[in-house]
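Printed here is final_13.txt (compact mmCIF, C-alpha atoms):
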```
# COMPACT_ATOMS: atom_id res chain seq x y z
CA MET A 548 72.50 79.89 91.76
CA ALA A 549 75.88 80.99 90.43
CA ARG A 550 78.00 78.12 89.06
CA TYR A 551 81.78 78.19 88.71
CA LEU A 552 83.15 76.79 85.45
CA LYS A 553 86.62 77.81 86.62
CA LYS A 554 87.97 78.75 90.05
CA GLY A 555 91.18 80.46 91.21
CA LYS A 556 93.39 79.98 94.25
CA VAL A 557 91.76 79.60 97.63
CA ALA A 558 91.95 82.43 100.15
CA ALA A 559 94.34 80.55 102.47
CA GLU A 560 97.04 80.36 99.80
CA VAL A 561 96.76 84.09 99.12
CA ALA A 562 96.93 84.90 102.85
CA GLU A 563 100.12 82.86 103.28
CA SER A 564 101.82 84.79 100.48
CA ASP A 565 100.64 88.11 101.92
CA ALA A 566 102.14 87.25 105.31
CA LYS A 567 105.60 86.71 103.80
CA VAL A 568 105.42 90.07 102.03
CA ARG A 569 104.40 91.83 105.26
CA ALA A 570 107.40 90.48 107.14
CA THR A 571 109.84 91.47 104.39
CA VAL A 572 108.48 95.00 104.17
CA GLU A 573 108.46 95.51 107.94
CA GLY A 574 112.17 94.71 108.15
CA ILE A 575 113.12 97.00 105.28
CA LEU A 576 111.11 99.94 106.63
CA ALA A 577 112.82 99.61 110.01
CA GLU A 578 116.22 99.57 108.34
CA ILE A 579 115.50 102.71 106.30
CA GLU A 580 114.12 104.56 109.32
CA GLU A 581 117.27 103.74 111.30
CA ARG A 582 119.93 104.25 108.64
CA GLY A 583 118.39 106.67 106.13
CA ASP A 584 120.27 107.31 102.90
CA ALA A 585 122.79 104.52 103.50
CA ALA A 586 120.05 101.91 103.69
CA VAL A 587 118.22 103.37 100.68
CA ARG A 588 121.39 103.21 98.58
CA GLU A 589 122.20 99.64 99.63
CA LEU A 590 118.68 98.50 98.81
CA SER A 591 118.74 100.25 95.43
CA GLU A 592 122.02 98.54 94.62
CA LYS A 593 120.68 95.18 95.77
CA PHE A 594 117.34 95.22 93.96
CA ASP A 595 117.96 97.51 90.97
CA ALA A 596 121.77 97.59 90.57
CA TRP A 597 121.41 101.36 90.73
CA SER A 598 123.60 103.71 92.77
CA PRO A 599 124.04 107.09 91.05
CA PRO A 600 125.71 110.08 92.76
CA SER A 601 122.21 111.42 93.39
CA PHE A 602 118.82 109.78 93.00
CA ARG A 603 117.35 113.20 92.17
CA LEU A 604 117.50 114.28 88.53
CA THR A 605 118.92 117.70 87.70
CA THR A 606 117.20 120.05 85.26
CA GLU A 607 119.78 119.10 82.63
CA GLU A 608 119.20 115.38 83.18
CA ILE A 609 115.45 115.88 82.84
CA GLU A 610 115.94 117.77 79.58
CA THR A 611 118.25 115.03 78.28
CA ALA A 612 115.69 112.33 79.09
CA VAL A 613 112.84 114.23 77.46
CA SER A 614 114.93 114.81 74.33
CA GLN A 615 115.21 111.03 73.88
CA VAL A 616 111.43 110.58 73.59
CA PRO A 617 110.03 110.49 70.01
CA ASP A 618 107.81 113.45 69.08
CA GLN A 619 104.75 111.24 68.58
CA ASP A 620 105.18 109.76 72.06
CA LEU A 621 105.42 113.24 73.57
CA GLU A 622 102.29 114.30 71.72
CA ASP A 623 100.44 111.23 72.99
CA ILE A 624 101.58 111.90 76.57
CA ARG A 625 100.34 115.50 76.33
CA PHE A 626 96.99 114.31 74.92
CA ALA A 627 96.47 111.80 77.73
CA GLN A 628 97.39 114.37 80.36
CA ALA A 629 94.97 116.87 78.84
CA GLN A 630 92.13 114.36 79.26
CA VAL A 631 93.08 113.60 82.88
CA ARG A 632 93.51 117.30 83.66
CA ASN A 633 90.16 118.24 82.11
CA PHE A 634 88.21 115.61 84.06
CA ALA A 635 90.02 116.46 87.31
CA GLU A 636 89.19 120.15 86.82
CA LYS A 637 85.52 119.32 86.33
CA GLN A 638 85.60 117.16 89.46
CA LYS A 639 87.20 119.99 91.43
CA GLU A 640 84.38 122.29 90.38
CA CYS A 641 82.05 120.00 92.35
CA LEU A 642 84.00 120.69 95.54
CA LYS A 643 82.65 123.85 97.08
CA ASP A 644 83.67 125.69 100.21
CA LEU A 645 80.74 126.18 102.55
CA GLU A 646 79.65 128.79 105.08
CA ILE A 647 76.15 128.89 106.55
CA GLU A 648 74.41 130.48 109.55
CA THR A 649 72.79 127.41 111.10
CA LEU A 650 71.24 129.30 114.05
CA PRO A 651 70.98 133.04 114.67
CA GLY A 652 74.56 134.13 115.39
CA VAL A 653 76.10 130.67 114.76
CA VAL A 654 78.18 130.32 111.60
CA LEU A 655 79.58 126.97 110.45
CA GLY A 656 81.68 126.26 107.40
CA HIS A 657 84.27 124.15 105.71
CA ARG A 658 87.20 124.75 103.41
CA ASN A 659 88.72 122.34 100.91
CA ILE A 660 92.46 122.64 101.51
CA PRO A 661 95.06 120.88 99.30
CA VAL A 662 97.63 118.62 100.93
CA ASP A 663 101.00 120.41 101.17
CA SER A 664 103.26 117.71 99.71
CA ILE A 665 102.92 114.31 98.09
CA GLY A 666 105.13 111.54 96.81
CA CYS A 667 104.02 109.90 93.56
CA TYR A 668 105.29 106.41 92.82
CA VAL A 669 105.29 105.34 89.17
CA PRO A 670 105.93 101.61 88.57
CA GLY A 671 108.66 100.93 86.07
CA GLY A 672 109.89 97.39 86.56
CA LYS A 673 108.51 94.89 84.06
CA TYR A 674 106.35 97.58 82.43
CA PRO A 675 107.15 101.31 82.50
CA MET A 676 103.77 102.64 83.66
CA VAL A 677 103.88 106.06 82.03
CA ALA A 678 100.15 106.53 82.57
CA SER A 679 100.54 106.40 86.35
CA ALA A 680 102.40 109.71 86.19
CA HIS A 681 99.35 111.33 84.59
CA MET A 682 96.95 109.90 87.13
CA SER A 683 98.80 111.00 90.25
CA ILE A 684 100.84 114.08 89.32
CA VAL A 685 98.37 115.83 87.02
CA THR A 686 95.47 115.23 89.41
CA ALA A 687 97.47 116.50 92.39
CA LYS A 688 98.48 119.59 90.44
CA VAL A 689 94.84 120.37 89.67
CA ALA A 690 94.03 119.95 93.37
CA GLY A 691 96.63 122.60 94.23
CA VAL A 692 99.26 120.47 95.99
CA LYS A 693 102.24 122.72 96.68
CA HIS A 694 105.10 120.26 96.24
CA ILE A 695 105.10 117.03 94.22
CA THR A 696 107.94 114.53 94.40
CA ALA A 697 107.77 111.83 91.73
CA THR A 698 109.82 108.67 91.55
CA ALA A 699 110.18 105.60 89.34
CA PRO A 700 112.66 102.72 89.32
CA PRO A 701 115.61 102.78 86.92
CA HIS A 702 114.94 101.16 83.57
CA ALA A 703 117.73 99.65 81.46
CA GLY A 704 120.35 101.25 83.68
CA GLY A 705 118.93 104.74 83.99
CA PRO A 706 115.84 106.91 84.05
CA HIS A 707 113.09 105.86 81.67
CA PRO A 708 112.80 108.80 79.23
CA ALA A 709 109.04 108.56 78.66
CA ILE A 710 108.31 108.33 82.41
CA VAL A 711 110.51 111.34 83.07
CA ALA A 712 108.73 113.26 80.30
CA ALA A 713 105.33 112.39 81.76
CA MET A 714 106.44 113.43 85.24
CA HIS A 715 107.91 116.67 83.95
CA TYR A 716 104.93 117.64 81.79
CA GLY A 717 102.57 116.59 84.56
CA GLY A 718 104.08 119.17 86.91
CA ALA A 719 106.42 117.28 89.26
CA ASP A 720 108.61 119.60 91.33
CA GLU A 721 111.36 117.02 91.74
CA ILE A 722 112.00 113.71 90.03
CA LEU A 723 113.82 110.77 91.60
CA VAL A 724 115.08 107.62 89.94
CA LEU A 725 114.45 105.19 92.76
CA GLY A 726 112.18 102.19 93.04
CA GLY A 727 110.59 99.70 95.36
CA ILE A 728 110.08 99.83 99.11
CA GLN A 729 113.12 102.07 99.44
CA ALA A 730 111.47 104.75 97.29
CA VAL A 731 108.16 105.01 99.14
CA ALA A 732 109.89 104.68 102.52
CA ALA A 733 112.36 107.46 101.73
CA MET A 734 109.54 109.79 100.69
CA ALA A 735 107.37 108.92 103.68
CA LEU A 736 110.02 108.87 106.40
CA GLY A 737 112.51 111.34 104.96
CA THR A 738 116.27 110.84 104.77
CA GLU A 739 119.29 113.12 104.81
CA THR A 740 118.73 113.99 101.14
CA ILE A 741 115.05 113.23 100.50
CA SER A 742 112.38 115.36 102.19
CA ALA A 743 109.43 113.65 103.83
CA VAL A 744 106.02 114.12 102.21
CA ASP A 745 102.52 114.23 103.69
CA MET A 746 100.92 111.66 101.38
CA LEU A 747 101.92 108.74 99.14
CA VAL A 748 100.07 107.92 95.94
CA GLY A 749 100.40 105.63 92.97
CA PRO A 750 100.27 101.89 92.27
CA GLY A 751 103.12 99.44 92.65
CA ASN A 752 103.98 95.79 93.11
CA MET A 753 102.96 93.82 96.20
CA PHE A 754 105.96 95.12 98.17
CA VAL A 755 105.28 98.76 97.35
CA ALA A 756 101.58 98.32 98.18
CA GLU A 757 102.42 96.70 101.52
CA ALA A 758 104.95 99.42 102.32
CA LYS A 759 102.26 102.05 101.77
CA ARG A 760 99.88 100.09 103.99
CA GLN A 761 102.42 99.92 106.82
CA LEU A 762 103.31 103.61 106.44
CA TYR A 763 99.68 104.71 106.53
CA GLY A 764 99.06 106.87 109.56
CA ARG A 765 102.50 108.40 109.47
CA VAL A 766 101.52 109.67 106.04
CA GLY A 767 98.30 109.58 104.08
CA ILE A 768 97.89 107.22 101.16
CA ASP A 769 95.53 107.10 98.23
CA LEU A 770 94.36 103.47 98.61
CA PHE A 771 95.23 100.11 100.06
CA ALA A 772 96.13 98.70 96.67
CA GLY A 773 96.49 95.07 95.68
CA PRO A 774 96.92 93.35 92.31
CA THR A 775 94.87 94.61 89.37
CA GLU A 776 91.38 93.08 89.26
CA THR A 777 89.09 92.81 86.26
CA LEU A 778 85.49 91.64 86.10
CA VAL A 779 83.81 91.22 82.73
CA ILE A 780 80.02 91.11 82.90
CA ALA A 781 78.67 89.87 79.55
CA ASP A 782 75.69 88.28 77.87
CA ASP A 783 75.40 86.68 74.44
CA SER A 784 75.27 90.07 72.72
CA VAL A 785 79.09 89.77 72.56
CA ASP A 786 81.43 86.91 71.74
CA GLY A 787 84.24 85.01 73.37
CA GLU A 788 87.00 86.86 71.53
CA ILE A 789 86.27 90.27 73.02
CA CYS A 790 85.61 88.80 76.47
CA ALA A 791 88.89 86.89 76.38
CA ILE A 792 91.06 89.85 75.46
CA ASP A 793 89.36 92.07 78.04
CA LEU A 794 90.30 89.46 80.63
CA LEU A 795 93.84 88.78 79.41
CA GLY A 796 94.56 92.44 78.73
CA GLN A 797 94.44 93.03 82.47
CA ALA A 798 95.79 89.64 83.57
CA GLU A 799 99.08 90.67 81.95
CA HIS A 800 99.59 93.18 84.80
CA GLY A 801 101.05 90.42 86.95
CA PRO A 802 100.84 86.78 87.96
CA THR A 803 98.44 87.50 90.83
CA SER A 804 95.91 89.65 88.94
CA PRO A 805 92.39 88.18 89.13
CA ALA A 806 90.35 88.20 85.90
CA VAL A 807 86.76 87.01 86.15
CA LEU A 808 83.96 86.47 83.61
CA LEU A 809 80.42 86.81 84.94
CA THR A 810 77.74 85.79 82.44
CA ASP A 811 74.25 84.39 82.12
CA SER A 812 75.23 82.50 78.96
CA PRO A 813 76.80 79.04 79.41
CA THR A 814 77.73 79.10 75.71
CA LEU A 815 79.60 82.41 76.05
CA ALA A 816 81.33 81.10 79.18
CA GLN A 817 82.66 78.05 77.36
CA ASP A 818 83.56 80.01 74.23
CA THR A 819 85.53 82.50 76.35
CA ILE A 820 87.49 79.75 78.10
CA GLU A 821 88.44 78.29 74.71
CA GLU A 822 89.26 81.71 73.30
CA VAL A 823 91.52 82.51 76.27
CA GLU A 824 93.53 79.38 75.53
CA ARG A 825 93.81 80.35 71.86
CA GLN A 826 94.91 83.89 72.58
CA LEU A 827 97.48 82.75 75.14
CA LYS A 828 99.31 81.01 72.30
CA ILE A 829 99.86 84.32 70.48
CA LEU A 830 99.78 87.07 73.14
CA PRO A 831 103.30 88.51 73.63
CA THR A 832 102.70 88.81 77.40
CA ALA A 833 101.30 85.28 77.69
CA ASP A 834 103.94 84.19 80.20
CA VAL A 835 102.45 86.53 82.81
CA ALA A 836 98.82 86.44 81.68
CA ALA A 837 98.75 82.61 81.57
CA GLU A 838 100.01 82.31 85.13
CA SER A 839 97.48 84.86 86.33
CA TRP A 840 94.62 83.17 84.48
CA SER A 841 95.62 79.73 85.73
CA SER A 842 95.88 80.78 89.38
CA PHE A 843 93.29 83.54 89.70
CA GLY A 844 91.01 83.42 86.66
CA GLN A 845 87.37 82.54 87.22
CA VAL A 846 84.30 81.94 85.06
CA ILE A 847 80.94 82.25 86.80
CA VAL A 848 77.57 81.47 85.17
CA CYS A 849 74.51 83.18 86.69
CA ASP A 850 70.78 82.72 86.16
CA GLY A 851 70.11 86.31 85.08
CA LYS A 852 70.85 90.01 85.49
CA ASP A 853 69.82 90.17 89.13
CA GLU A 854 72.18 87.38 90.11
CA MET A 855 74.99 88.95 88.06
CA VAL A 856 74.51 92.19 90.00
CA GLU A 857 74.53 90.29 93.30
CA GLU A 858 77.75 88.45 92.43
CA ALA A 859 79.44 91.60 91.09
CA ASN A 860 78.62 93.54 94.26
CA ARG A 861 79.94 90.64 96.35
CA LEU A 862 83.23 90.59 94.43
CA ALA A 863 83.59 94.43 94.56
CA PHE A 864 86.27 94.45 91.87
CA GLU A 865 88.52 97.27 90.77
CA HIS A 866 87.54 97.28 87.08
CA VAL A 867 84.12 96.19 85.88
CA GLN A 868 83.58 95.88 82.13
CA VAL A 869 79.88 95.59 81.22
CA MET A 870 79.02 94.23 77.76
CA THR A 871 75.32 93.46 77.77
CA ARG A 872 72.20 94.53 75.92
CA ASP A 873 71.29 96.86 78.75
CA PRO A 874 74.47 98.24 80.37
CA ASP A 875 72.48 101.01 82.07
CA TYR A 876 70.81 98.36 84.23
CA PHE A 877 74.20 97.66 85.77
CA LEU A 878 75.04 101.36 86.06
CA LYS A 879 71.86 101.82 88.10
CA ASN A 880 72.17 98.69 90.24
CA LEU A 881 75.88 98.06 90.85
CA THR A 882 77.18 99.66 94.03
CA ASN A 883 80.61 98.07 94.64
CA TYR A 884 83.22 98.79 91.97
CA GLY A 885 86.26 100.94 91.34
CA ALA A 886 85.35 102.03 87.82
CA LEU A 887 82.70 100.95 85.32
CA PHE A 888 83.27 100.53 81.60
CA LEU A 889 79.89 100.43 79.88
CA GLY A 890 79.40 98.76 76.50
CA PRO A 891 81.79 97.01 74.11
CA ARG A 892 83.06 100.29 72.60
CA THR A 893 85.01 101.10 75.76
CA ASN A 894 87.32 98.96 77.86
CA VAL A 895 89.59 99.03 80.89
CA SER A 896 92.64 99.92 78.83
CA TYR A 897 91.03 103.21 77.81
CA GLY A 898 90.64 104.08 81.49
CA ASP A 899 94.14 102.89 82.31
CA LYS A 900 95.86 105.00 79.69
CA VAL A 901 94.03 107.91 78.16
CA ILE A 902 90.30 108.54 78.45
CA GLY A 903 90.55 110.83 81.48
CA THR A 904 89.16 108.95 84.49
CA ASN A 905 91.73 107.92 87.08
CA HIS A 906 93.20 104.43 86.95
CA THR A 907 94.27 104.24 90.61
CA LEU A 908 91.34 102.29 92.01
CA PRO A 909 90.31 100.18 95.04
CA THR A 910 91.14 96.46 95.11
CA LYS A 911 90.66 93.51 97.48
CA GLY A 912 87.06 94.42 98.23
CA ALA A 913 87.81 98.04 99.18
CA ALA A 914 85.27 99.17 96.58
CA ARG A 915 82.66 98.33 99.23
CA TYR A 916 83.64 101.51 101.08
CA THR A 917 85.73 103.77 98.85
CA GLY A 918 86.13 105.00 95.30
CA GLY A 919 89.38 105.55 93.47
CA LEU A 920 91.93 108.34 93.32
CA TRP A 921 90.48 111.68 92.28
CA VAL A 922 91.17 115.34 92.83
CA GLY A 923 89.29 115.27 96.14
CA LYS A 924 91.74 112.71 97.59
CA PHE A 925 94.40 115.42 97.56
CA MET A 926 92.21 117.83 99.50
CA LYS A 927 91.21 118.01 103.17
CA THR A 928 87.70 119.19 103.94
CA CYS A 929 88.29 121.12 107.16
CA THR A 930 85.49 122.64 109.23
CA TYR A 931 85.37 125.87 111.23
CA GLN A 932 82.85 127.66 113.43
CA ARG A 933 82.19 131.22 114.50
CA VAL A 934 79.72 132.51 117.12
CA LEU A 935 78.76 136.11 116.41
CA THR A 936 76.60 137.21 119.35
CA ASP A 937 76.49 136.98 123.14
CA GLU A 938 73.00 135.53 122.90
CA ALA A 939 74.11 132.73 120.59
CA SER A 940 77.07 131.79 122.76
CA THR A 941 74.86 131.74 125.87
CA MET A 942 72.20 129.59 124.23
CA VAL A 943 74.65 127.05 122.84
CA GLY A 944 76.57 127.09 126.12
CA GLU A 945 73.52 126.11 128.15
CA TYR A 946 72.86 123.10 125.92
CA CYS A 947 76.54 122.16 125.95
CA SER A 948 76.77 122.34 129.73
CA ARG A 949 73.84 119.96 130.21
CA LEU A 950 75.15 117.55 127.57
CA CYS A 951 78.57 117.51 129.27
CA ALA A 952 76.82 116.57 132.50
CA ILE A 953 75.40 113.45 130.86
CA GLU A 954 78.97 112.35 130.04
CA GLY A 955 80.58 113.52 133.28
CA PHE A 956 83.04 115.84 131.57
CA ALA A 957 83.50 118.63 134.13
CA GLY A 958 86.16 120.54 132.21
CA HIS A 959 84.15 120.44 129.02
CA GLY A 960 81.15 121.70 130.94
CA GLU A 961 83.10 124.58 132.48
CA GLN A 962 84.23 125.67 128.99
CA ALA A 963 80.54 126.22 128.30
CA ASN A 964 79.74 127.68 131.70
CA VAL A 965 82.34 130.42 131.55
CA ARG A 966 80.72 131.67 128.33
CA VAL A 967 77.27 131.57 129.91
CA ARG A 968 78.57 133.66 132.83
CA ARG A 969 80.45 136.17 130.68
CA TYR A 970 78.09 136.57 127.75
CA GLY A 971 74.76 135.76 129.38
CA GLY A 972 75.26 137.36 132.78
CA GLN A 973 74.10 134.17 134.50
CA ASP A 974 75.60 133.06 137.80
CA VAL A 975 76.65 129.53 136.83
CA PRO A 976 78.93 127.95 139.51
CA TRP A 977 82.06 126.03 138.60
CA TYR A 978 81.42 122.43 137.52
CA SER A 979 77.69 122.94 137.70
CA ALA A 980 77.39 120.54 134.79
CA VAL A 981 78.31 117.57 136.98
CA ASN A 982 76.86 118.86 140.25
CA ARG A 983 73.35 119.60 139.08
```
Structure translated into structure tokens:
Amino acid sequence: MARYLKKGKVAAEVAESDAKVRATVEGILAEIEERGDAAVRELSEKFDAWSPPSFRLTTEEIETAVSQVPDQDLEDIRFAQAQVRNFAEKQKECLKDLEIETLPGVVLGHRNIPVDSIGCYVPGGKYPMVASAHMSIVTAKVAGVKHITATAPPHAGGPHPAIVAAMHYGGADEILVLGGIQAVAAMALGTETISAVDMLVGPGNMFVAEAKRQLYGRVGIDLFAGPTETLVIADDSVDGEICAIDLLGQAEHGPTSPAVLLTDSPTLAQDTIEEVERQLKILPTADVAAESWSSFGQVIVCDGKDEMVEEANRLAFEHVQVMTRDPDYFLKNLTNYGALFLGPRTNVSYGDKVIGTNHTLPTKGAARYTGGLWVGKFMKTCTYQRVLTDEASTMVGEYCSRLCAIEGFAGHGEQANVRVRRYGGQDVPWYSAVNR
């Protein structure tokens, strides 16, 4: 049976915090919907001390921002985007339109149609998340989205040059310098100066994530996102140092980011706990990572691989780092995860920043029913049908009429009956489906 050497906060404490966030977001969304640009500007001034003449960057302002980015940084941004673009293109190749004659004279099909417009949020508060621009904008561009609005909060009193460069090179059609709830609400609801989009994508803090959740339905979203989650599955083929940094490297995302070690080695479990404490004394982001580890870090010792798989599937974490003698065992048997990182040579940071897979992934157990952001999320698979012959319409119509009778849908039945009369020459009375 799995044993906990360290536990995090209980669910009730987390739920109480979530409730406060929900109430705050609900009030702000209502204010923006009622007052539009005026409310957006007031909120930007309040939370970011930012109120420029326009939140939208001009071509000249974009060029100025890009010119401030060192050449090596620009080269690295282009390299990362090339990896994301290449993988997204290969994924898109797997999406095929379909048309098939399922019965004589009956043709069914589907088309994969890109979403018309999206709003991409790029976090830029404590950390300027340049990589999020690659993941959302580049992938949407590959999908064929017609119009991409990208936004990030101001940084040090203005647009963050590297974020703007990433947005621009990624293919954004317009770039805003606007953050928080006010940014996603403006893109979703539309204001006097900001056009409404069809879909919101990109990670953000708890307020941005909750705003997307409350806006879902009025617009599409990529995922119901919560704090970054990391699960390290390890045996004694690795040591506490690498386990500790793979935990803390993601715990630094924020003070509510769960980081969990799952192992069948009590020695490795204890060594990792001690190594975490050592590394927290020297890690530059220890103020955040320490709070996260203290409140949400866990160490779980299992009796073997089967139990590790069972626990991992129960947790259904966003990132799962597997460092064992047989990582393929976990590839074959794990079913609930956002992304897998197999073997000690890779890690979550590679996926977050550069390797090519998308870093926008399911959290809070959503990996039980969905994967992460990918090119297919920006496309709608829409079906169509065509009946080519009188005989086919008559045959299908007879079945349809009888099935409508089972449900008592007279109008539905008459839709079928009129075809049977016209194309089959049969004298079917009105509403025969319910008067049989």
(request) Rank A:Thr810, A:Asn964, A:Thr775, A:Thr740 by their smallest atom-to-atom distance to Gly851 in chain A, using only C-alpha atoms, and report the top residue only. (result) A:Thr810
(message) as a PyMOL selection string, please: the residues near range 872-878 of chain A (cut-off 6 Å, only C-alpha atoms, same-chain neighbours under 2 positions excluded).
(response) chain A and resi 880-881+889
(request) May I ask for the distance between CA of Ala939 in chain A and CA of Gly652 in chain A, given in Å to one decimal place? (result)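 Separation between CA of Ala939 in chain A and CA of Gly652 in chain A: 5.4 Å.
Closest approach to Leu920 in chain A among A:Ser804, A:Gln638, A:Ser591, A:Asn894 is made by A:Gln638 (distances from all atoms listed in the file).
CA of Asp745 in chain A is positioned 26.0 Å from CA of Pro599 in chain A.
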(request) Pick out the closest residue to Phe754 in chain A from this set: A:Ala635, A:Ala570, A:Met942, A:Ala735. Count all atoms listed in the file. (result) A:Ala570
(request) Find the residue from A:Lys927, A:Arg603, A:Lys556, A:Arg969 that sits nearest to Asp644 in chain A; use all atoms listed in the file when measuring. (result)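 Distance minimum relative to Asp644 in chain A lands on A:Lys927.
Nearest residue to Leu808 in chain A among A:Leu794, A:Ala577, A:Val631, A:Leu590 is A:Leu794, counting only C-alpha atoms.
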(message) Can you tell me which residues surround range 816-819 of chain A at a distance of at most 7 Å, considering all atoms listed in the file, apart from same-chain residues fewer than 4 positions away, and format the answer as a ChimeraX atom specification?
(response) /A:787-788,790-791,810,812,823,846
File dump, residues just selected, C-alpha atoms, as a PDB file, keeping the file's coordinate frame:
```
ATOM      1  CA  GLY A 787      84.240  85.010  73.370  1.00  0.00           C
ATOM      2  CA  GLU A 788      87.000  86.860  71.530  1.00  0.00           C
ATOM      3  CA  CYS A 790      85.610  88.800  76.470  1.00  0.00           C
ATOM      4  CA  ALA A 791      88.890  86.890  76.380  1.00  0.00           C
ATOM      5  CA  THR A 810      77.740  85.790  82.440  1.00  0.00           C
ATOM      6  CA  SER A 812      75.230  82.500  78.960  1.00  0.00           C
ATOM      7  CA  VAL A 823      91.520  82.510  76.270  1.00  0.00           C
ATOM      8  CA  VAL A 846      84.300  81.940  85.060  1.00  0.00           C
TER       9      VAL A 846
END
```
(request) Work out how far CA of Gly919 in chain A is from CA of Gly656 in chain A, in Å to one decimal. (result) 26.1 Å
Which protein, DNA or RNA residues have an atom at most 8 Å from (109.7, 108.7, 91.0), counting only C-alpha atoms? List them as a PDB file with C-alpha atoms, in the coordinates of the input.
```
ATOM      1  CA  GLY A 666     105.130 111.540  96.810  1.00  0.00           C
ATOM      2  CA  CYS A 667     104.020 109.900  93.560  1.00  0.00           C
ATOM      3  CA  TYR A 668     105.290 106.410  92.820  1.00  0.00           C
ATOM      4  CA  VAL A 669     105.290 105.340  89.170  1.00  0.00           C
ATOM      5  CA  THR A 696     107.940 114.530  94.400  1.00  0.00           C
ATOM      6  CA  ALA A 697     107.770 111.830  91.730  1.00  0.00           C
ATOM      7  CA  THR A 698     109.820 108.670  91.550  1.00  0.00           C
ATOM      8  CA  ALA A 699     110.180 105.600  89.340  1.00  0.00           C
ATOM      9  CA  PRO A 700     112.660 102.720  89.320  1.00  0.00           C
ATOM     10  CA  ILE A 722     112.000 113.710  90.030  1.00  0.00           C
ATOM     11  CA  LEU A 723     113.820 110.770  91.600  1.00  0.00           C
ATOM     12  CA  VAL A 724     115.080 107.620  89.940  1.00  0.00           C
ATOM     13  CA  LEU A 725     114.450 105.190  92.760  1.00  0.00           C
ATOM     14  CA  GLY A 726     112.180 102.190  93.040  1.00  0.00           C
ATOM     15  CA  ALA A 730     111.470 104.750  97.290  1.00  0.00           C
TER      16      ALA A 730
END
```
Nearby residues (all atoms listed in the file) at most 12 Å from Glu608 in chain A, same-chain spacing under 4 positions excluded, as an mmCIF file with C-alpha atoms, in the coordinates of the input:
```cif
data_model
loop_
_atom_site.group_PDB
_atom_site.id
_atom_site.type_symbol
_atom_site.label_atom_id
_atom_site.label_comp_id
_atom_site.auth_asym_id
_atom_site.auth_seq_id
_atom_site.Cartn_x
_atom_site.Cartn_y
_atom_site.Cartn_z
ATOM 1 C CA SER A 601 122.210 111.420 93.390
ATOM 2 C CA PHE A 602 118.820 109.780 93.000
ATOM 3 C CA ARG A 603 117.350 113.200 92.170
ATOM 4 C CA LEU A 604 117.500 114.280 88.530
ATOM 5 C CA ALA A 612 115.690 112.330 79.090
ATOM 6 C CA VAL A 613 112.840 114.230 77.460
ATOM 7 C CA SER A 614 114.930 114.810 74.330
ATOM 8 C CA GLN A 615 115.210 111.030 73.880
ATOM 9 C CA GLY A 705 118.930 104.740 83.990
ATOM 10 C CA PRO A 706 115.840 106.910 84.050
ATOM 11 C CA HIS A 707 113.090 105.860 81.670
ATOM 12 C CA PRO A 708 112.800 108.800 79.230
ATOM 13 C CA VAL A 711 110.510 111.340 83.070
ATOM 14 C CA ALA A 712 108.730 113.260 80.300
ATOM 15 C CA HIS A 715 107.910 116.670 83.950
ATOM 16 C CA GLU A 721 111.360 117.020 91.740
ATOM 17 C CA ILE A 722 112.000 113.710 90.030
ATOM 18 C CA LEU A 723 113.820 110.770 91.600
ATOM 19 C CA VAL A 724 115.080 107.620 89.940
#
```
(request) Using only C-alpha atoms, determine which residues lie at most 6 Å from Gly691 in chain A, disregarding the query and same-chain residues fewer than 2 positions distant; provide the list as a PyMOL selection string. (result) chain A and resi 661+688-689
(request) Go through A:Ser948, A:Arg582, A:Val934, A:Met926 and flag the residue nearest Lys643 in chain A, using only C-alpha atoms for the distances. (result)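 Among the listed residues, the smallest separation from Lys643 in chain A belongs to A:Met926.
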Extract, using all atoms listed in the file, all DNA, RNA and protein residues at most 9 Å from Met746 in chain A, discarding same-chain residues fewer than 3 positions from it, and format them as a PDB file with C-alpha atoms, keeping the file's coordinate frame.
```pdb
ATOM      1  CA  VAL A 662      97.630 118.620 100.930  1.00  0.00           C
ATOM      2  CA  ASP A 663     101.000 120.410 101.170  1.00  0.00           C
ATOM      3  CA  SER A 664     103.260 117.710  99.710  1.00  0.00           C
ATOM      4  CA  ILE A 665     102.920 114.310  98.090  1.00  0.00           C
ATOM      5  CA  GLY A 666     105.130 111.540  96.810  1.00  0.00           C
ATOM      6  CA  CYS A 667     104.020 109.900  93.560  1.00  0.00           C
ATOM      7  CA  MET A 734     109.540 109.790 100.690  1.00  0.00           C
ATOM      8  CA  ALA A 735     107.370 108.920 103.680  1.00  0.00           C
ATOM      9  CA  TYR A 763      99.680 104.710 106.530  1.00  0.00           C
ATOM     10  CA  ARG A 765     102.500 108.400 109.470  1.00  0.00           C
ATOM     11  CA  VAL A 766     101.520 109.670 106.040  1.00  0.00           C
ATOM     12  CA  GLY A 767      98.300 109.580 104.080  1.00  0.00           C
ATOM     13  CA  ILE A 768      97.890 107.220 101.160  1.00  0.00           C
ATOM     14  CA  ASP A 769      95.530 107.100  98.230  1.00  0.00           C
ATOM     15  CA  PHE A 925      94.400 115.420  97.560  1.00  0.00           C
TER      16      PHE A 925
END
```
